Every structure is written in structure tokens, then in C-alpha cells.
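Asker: Below is one structure. I have some questions about it.
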Amino acid sequence: MITLGIEGTAHTLGVGIVDDNANVLANVLDMYKPASGGLHPREAANHHSNVVSKLIEEAIVNAKVDLKDVDVVAFSKGPGLGPCLRVAATASRSLSLLLNKPIVGVNHCIAHVEIGRATTRCVDPMLLYVSGGNTQVIAFSNKKYRIFGETLDIGIGNMFDKLGRELGLGYYAGPTIEKLAGKGTKLLELPYSVKGMDVSFSGIMTAALNLRKRGHCLEDIAFSVQEICFGMLAEVSERAMAHLNKNEILLGGGVAQNTHLRDMVQKMAEERGARVYVPDKKLCVDNGAMIAWLGSLMYSSGVRMRIEDTAIVQKFRTDDVDVTWRS
């Protein structure tokens, strides 16, 4: 079975094609980059509209299949930015009707879990999901993916981007902050915002900006922000693993590309006798292949949707999905 997936939750429009063995046949994407300021949902949606047809054609060529070979069309139903989600949904509905093939709307967060499980061969991991719009600790329990901890305000990637913009580092600032942090030497005082199993990042950003006003260098600020934020994430992840008796942890989301985060989680896991799994970087970021793979799993497990069932859900909770494909 060949499944084509379209991702469009935020800044990235991606198209992926997979077979029923989780082999990624194609995975192409185009990221919206604002000329100035932050991400504007309507402008990002206009970008997605402009590139979606081209990316579908490119994916078909890369996969060495014909459109008629596609058996299922999948798309990111949510969570995400409304205008962006609508582009992916509309393109998927059009393709489904054109090809007369079934359509499946999937949860973006769970797609990160499943592409990670399939490609790293972990079995029953706890997922530390760290991206622009989301920061969650997720694990499978009683027929659902349950959220055992999450951000109370903004996702860690969003915080990095806002902080970078205010510090003059440009937008999509995560990689720049990581490079600066590698040159930092002094751990500055920042709030450590862990509340039970949840975390908070907005206060850290405000405190970091105040440190800059007081004359501290960008390198030490970046180093301190990473150290505190990643320490928080490692703490809640370890607590969740202990509570659930998990011996596997999977990283997912764009921030999972950060080397220092990986190192901190690796050290925590080793001390617990657990193993860390990280997908290929192209599968950590938002991408169409993960959408296609979850769509394939859902369809194979008996999930069926009519066109009228495919309305987007901007606040689509991970734990709202009945997991029919796992026992």
C-alpha cells in the first residue's frame, strides 16, 4: 500500500510518500521564511498554497511512482495554525477526490511518535516531543497516547524563536542559539520553571532578555537558556519514565536536532539503564512522510473517513485520538 501524506501545521509544507513497511519513498518540504518579524499564519498559508502542487509532483518523481499508484491520501488535521492546516486539508481532499482514493486526517503529534517508532525500531518508548508549537511528554497507555507533562505556555522552539528575534538573531533562531551556546562559559541565573510534570518557558525568555539589557554576552545567555531549559525537560522526562517504568525514550520535533539536548537526555537515560532513540533529522522536523506513515497505520487498522469528517482541528489534543493500530 502506498500512502501520500501532506503536512501543513505551521511554517513547513511537506509531502511524503511511504509504503506499508514504513519505507520512506519520498520526503520533500518547503519552509516559509518571513522577510522580517515572526511567522504570520496567513502569509505562511499563502506560501503553502504556492508550493503544494510543485511538492506533490516532486514527491511523485522522487518516489518513482505514478499518482494512480497512491492508495491512501493522509494530511495533518491538527494541531496547528488554522490557515496553514486548511491548505494541507484542501489539497488532500482535492487529491482524494481526483484519484477516488480514501483520505485520512491524522494528529501531527502522534505522527512524530509513529515515524520515530518505525524508523528507530524502538518498541514502547516515552516520547519527548519538542518543537515550535509543542512541548509534551507522551506515552502509550490504555489505547491512547497520554500526555504526562507539557508546556503551560509556549513550546520550547517558539520560545527560542521569540528570544532570537528580540536578540537580533533572526527568525528560526534555534540553530543560532545552539552555536552561540557552544561558546558560552558562564551559567547565568534564570528561573527553573518545573511545576509538577509541566514546564513553562515564557518567564525564562523574559529573564534572558533582562540579562542582555544588563550587559551579559549572547554566548553566556544562550548557554544558560539551553542548560536550564534542557535540564527541565530531562527532569520531567526522567520522572515520567520512572512512573511508567519505561526503558526507552524517543526524541521528536525540530528541537530534537539540538546536540546538547540529545547529550543531556542520553546521560539521563544511561544513568537509568535506558536507551535513547532519535530519528533521522529529516524526520525530526515537520514532514510529510510522518503524516503518510500514520495515515497508513490508521487506514490499515480500519479507520475510515468521509470528506465531511476531515475538518481541521486547531487544538487537536494528542490524547483525543483512539489508537486503533496498537494493542
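Labeling convention for the C-alpha cells: chains A, B, ... as they appear, residues from 1 per chain, ligands from 1 in order of appearance.
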Considering only C-alpha atoms, return as a short mmCIF file (atom, residue, chain, number, x, y, z; two decimals) with C-alpha atoms, in the first residue's frame whatever protein or nucleic-acid residues lie within 10 Å of Glu189 in chain A, sequence-local ones (same chain, fewer than 4 positions apart) excluded.
Answerer:
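Result saved to result18.cif:
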```cif
data_model
loop_
_atom_site.label_atom_id
_atom_site.label_comp_id
_atom_site.auth_asym_id
_atom_site.auth_seq_id
_atom_site.Cartn_x
_atom_site.Cartn_y
_atom_site.Cartn_z
CA ILE A 204 12.85 32.21 31.08
CA ALA A 207 14.67 36.84 32.26
CA ALA A 208 17.12 36.18 29.42
CA LEU A 211 20.23 39.66 31.28
CA ILE A 221 22.82 33.88 27.64
CA SER A 224 22.32 29.40 30.18
CA VAL A 225 18.98 29.22 28.36
CA ILE A 228 18.15 25.45 32.14
#
```
Asker: As a short mmCIF file (atom, residue, chain, number, x, y, z; two decimals) with N, CA and C atoms, in the first residue's frame, please: the residues near range 287-293 of chain A (cut-off 7 Å, only C-alpha atoms, same-chain neighbours under 3 positions excluded).
Answerer:
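Listed below is the output, part39.cif:
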```
data_model
loop_
_atom_site.label_atom_id
_atom_site.label_comp_id
_atom_site.auth_asym_id
_atom_site.auth_seq_id
_atom_site.Cartn_x
_atom_site.Cartn_y
_atom_site.Cartn_z
N THR A 3 1.04 5.31 0.52
CA THR A 3 0.31 6.42 1.14
C THR A 3 1.06 7.72 0.92
N LEU A 4 0.34 8.73 0.49
CA LEU A 4 0.90 10.07 0.33
C LEU A 4 0.39 10.95 1.46
N GLY A 5 1.30 11.64 2.13
CA GLY A 5 0.92 12.49 3.25
C GLY A 5 1.31 13.93 3.01
N ILE A 6 0.43 14.85 3.42
CA ILE A 6 0.69 16.28 3.29
C ILE A 6 0.69 16.91 4.68
N GLU A 7 1.79 17.53 5.03
CA GLU A 7 1.97 18.21 6.32
C GLU A 7 1.87 19.72 6.12
N GLY A 14 5.02 20.08 3.69
CA GLY A 14 5.78 18.89 3.33
C GLY A 14 4.90 17.85 2.67
N VAL A 15 5.48 17.09 1.75
CA VAL A 15 4.78 15.98 1.10
C VAL A 15 5.68 14.75 1.19
N GLY A 16 5.13 13.68 1.71
CA GLY A 16 5.89 12.44 1.84
C GLY A 16 5.12 11.26 1.28
N ILE A 17 5.85 10.25 0.86
CA ILE A 17 5.24 9.02 0.35
C ILE A 17 5.93 7.84 1.01
N VAL A 18 5.13 6.92 1.56
CA VAL A 18 5.69 5.74 2.23
C VAL A 18 4.94 4.50 1.75
N ALA A 22 6.89 1.13 6.13
CA ALA A 22 7.50 2.36 6.65
C ALA A 22 8.75 2.76 5.89
N VAL A 24 10.44 5.10 3.49
CA VAL A 24 10.17 6.45 3.00
C VAL A 24 10.63 6.55 1.56
N ASN A 27 10.27 12.42 0.53
CA ASN A 27 10.01 13.30 1.68
C ASN A 27 10.57 14.68 1.33
N LEU A 29 10.02 19.05 1.28
CA LEU A 29 9.37 20.11 2.05
C LEU A 29 9.87 21.47 1.60
N ALA A 74 -3.21 11.09 3.10
CA ALA A 74 -3.27 11.49 4.51
C ALA A 74 -2.85 12.96 4.63
N PHE A 75 -3.33 13.61 5.69
CA PHE A 75 -2.96 15.01 5.91
C PHE A 75 -2.98 15.32 7.39
N SER A 76 -2.28 16.38 7.76
CA SER A 76 -2.23 16.82 9.16
C SER A 76 -3.53 17.56 9.49
N VAL A 106 -4.82 13.04 10.25
CA VAL A 106 -4.07 12.48 11.38
C VAL A 106 -3.64 13.57 12.36
N ALA A 111 1.98 11.57 14.84
CA ALA A 111 2.77 11.24 13.66
C ALA A 111 4.27 11.25 14.00
N HIS A 112 4.69 12.19 14.86
CA HIS A 112 6.08 12.21 15.30
C HIS A 112 6.42 10.92 16.06
N ILE A 115 6.46 7.75 13.38
CA ILE A 115 7.58 7.67 12.44
C ILE A 115 8.87 7.37 13.21
N LEU A 283 13.37 13.54 9.65
CA LEU A 283 12.12 13.04 10.22
C LEU A 283 11.83 13.65 11.59
N SER A 296 -1.18 5.61 6.99
CA SER A 296 -1.13 4.20 6.59
C SER A 296 -1.52 3.28 7.75
N LEU A 297 -0.97 3.57 8.93
CA LEU A 297 -1.30 2.77 10.11
C LEU A 297 -2.79 2.84 10.43
#
```
Asker: Name all residues at most 9 Å from Val323 in chain A (count only C-alpha atoms; drop same-chain ones fewer than 4 positions away) and give them as a ChimeraX atom specification.
Answerer: /A:140,143-145,298,327
Asker: Rounded to one decimal, what separation in Å do you get between CA of Lys315 in chain A and CA of Val130 in chain A?
Answerer: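 CA of Val130 in chain A lies at a distance of 16.8 Å from CA of Lys315 in chain A.
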Asker: From a DSSP calculation on the backbone, collect every residue of range 75-144 of chain A in alpha helix (DSSP H) and output the set as a PyMOL selection string.
Answerer: chain A and resi 82-99+108-120
Asker: Can you tell me, as an NGL selection string, what residues are no more than 8 Å from Val278 in chain A when counting only C-alpha atoms, ignoring any on the same chain fewer than 6 positions away?
Answerer: :A and (116 or 120 or 250-252 or 256 or 284)
Asker: Limited to N, CA, C and O atoms, could you put the picked residues into a file as a JSON list (two decimals), in the first residue's frame?
Answerer:
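Result file is out_38.json:
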```json
[["chain", "number", "residue", "atom", "x", "y", "z"],
["A", 116, "GLY", "N", 8.95, 7.86, 14.45],
["A", 116, "GLY", "CA", 10.10, 7.54, 15.29],
["A", 116, "GLY", "C", 10.15, 6.08, 15.66],
["A", 116, "GLY", "O", 11.20, 5.43, 15.58],
["A", 120, "THR", "N", 13.32, 3.92, 14.05],
["A", 120, "THR", "CA", 14.40, 3.62, 15.00],
["A", 120, "THR", "C", 14.26, 2.22, 15.58],
["A", 120, "THR", "O", 15.17, 1.74, 16.26],
["A", 250, "LEU", "N", 12.22, 8.30, 23.25],
["A", 250, "LEU", "CA", 12.30, 8.71, 21.86],
["A", 250, "LEU", "C", 12.21, 10.22, 21.79],
["A", 250, "LEU", "O", 11.37, 10.84, 22.45],
["A", 251, "LEU", "N", 13.08, 10.84, 21.02],
["A", 251, "LEU", "CA", 13.03, 12.28, 20.81],
["A", 251, "LEU", "C", 12.35, 12.58, 19.49],
["A", 251, "LEU", "O", 12.56, 11.88, 18.50],
["A", 252, "GLY", "N", 11.53, 13.63, 19.48],
["A", 252, "GLY", "CA", 10.85, 14.02, 18.26],
["A", 252, "GLY", "C", 10.60, 15.51, 18.23],
["A", 252, "GLY", "O", 10.59, 16.17, 19.27],
["A", 256, "ALA", "N", 14.60, 18.47, 18.64],
["A", 256, "ALA", "CA", 15.33, 17.22, 18.89],
["A", 256, "ALA", "C", 16.60, 17.13, 18.07],
["A", 256, "ALA", "O", 17.43, 16.25, 18.30],
["A", 284, "CYS", "N", 12.78, 14.42, 12.13],
["A", 284, "CYS", "CA", 12.51, 15.15, 13.38],
["A", 284, "CYS", "C", 11.68, 16.39, 13.09],
["A", 284, "CYS", "O", 10.75, 16.71, 13.83]]
```
Asker: Can you pull out every residue within 9 Å of Glu58 in chain A, counting only C-alpha atoms, but drop anything in the same chain fewer than 5 positions away, and send it as an NGL selection string?
Answerer: :A and (15 or 26 or 28 or 53 or 63)
Asker: Take the residues from that selection and write them out as a short mmCIF file (atom, residue, chain, number, x, y, z; two decimals), in the first residue's frame, keeping N, CA and C atoms.
Answerer:
```cif
data_model
loop_
_atom_site.label_atom_id
_atom_site.label_comp_id
_atom_site.auth_asym_id
_atom_site.auth_seq_id
_atom_site.Cartn_x
_atom_site.Cartn_y
_atom_site.Cartn_z
N VAL A 15 5.48 17.09 1.75
CA VAL A 15 4.78 15.98 1.10
C VAL A 15 5.68 14.75 1.19
N ALA A 26 9.66 9.07 -0.55
CA ALA A 26 9.89 10.48 -0.87
C ALA A 26 9.55 11.31 0.35
N VAL A 28 9.72 15.52 0.75
CA VAL A 28 10.15 16.85 0.31
C VAL A 28 9.39 17.91 1.10
N SER A 53 1.38 22.13 -4.97
CA SER A 53 1.31 21.35 -6.21
C SER A 53 2.70 20.92 -6.67
N ALA A 63 9.68 9.37 -5.58
CA ALA A 63 9.24 8.04 -5.15
C ALA A 63 9.22 7.04 -6.31
#
```
Asker: Looking at only C-alpha atoms, which of A:His243, A:His108, A:Lys54, A:His48 is the one that sits closest to Arg317 in chain A?
Answerer: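 Ranked by minimum distance to Arg317 in chain A, first place goes to A:His108.
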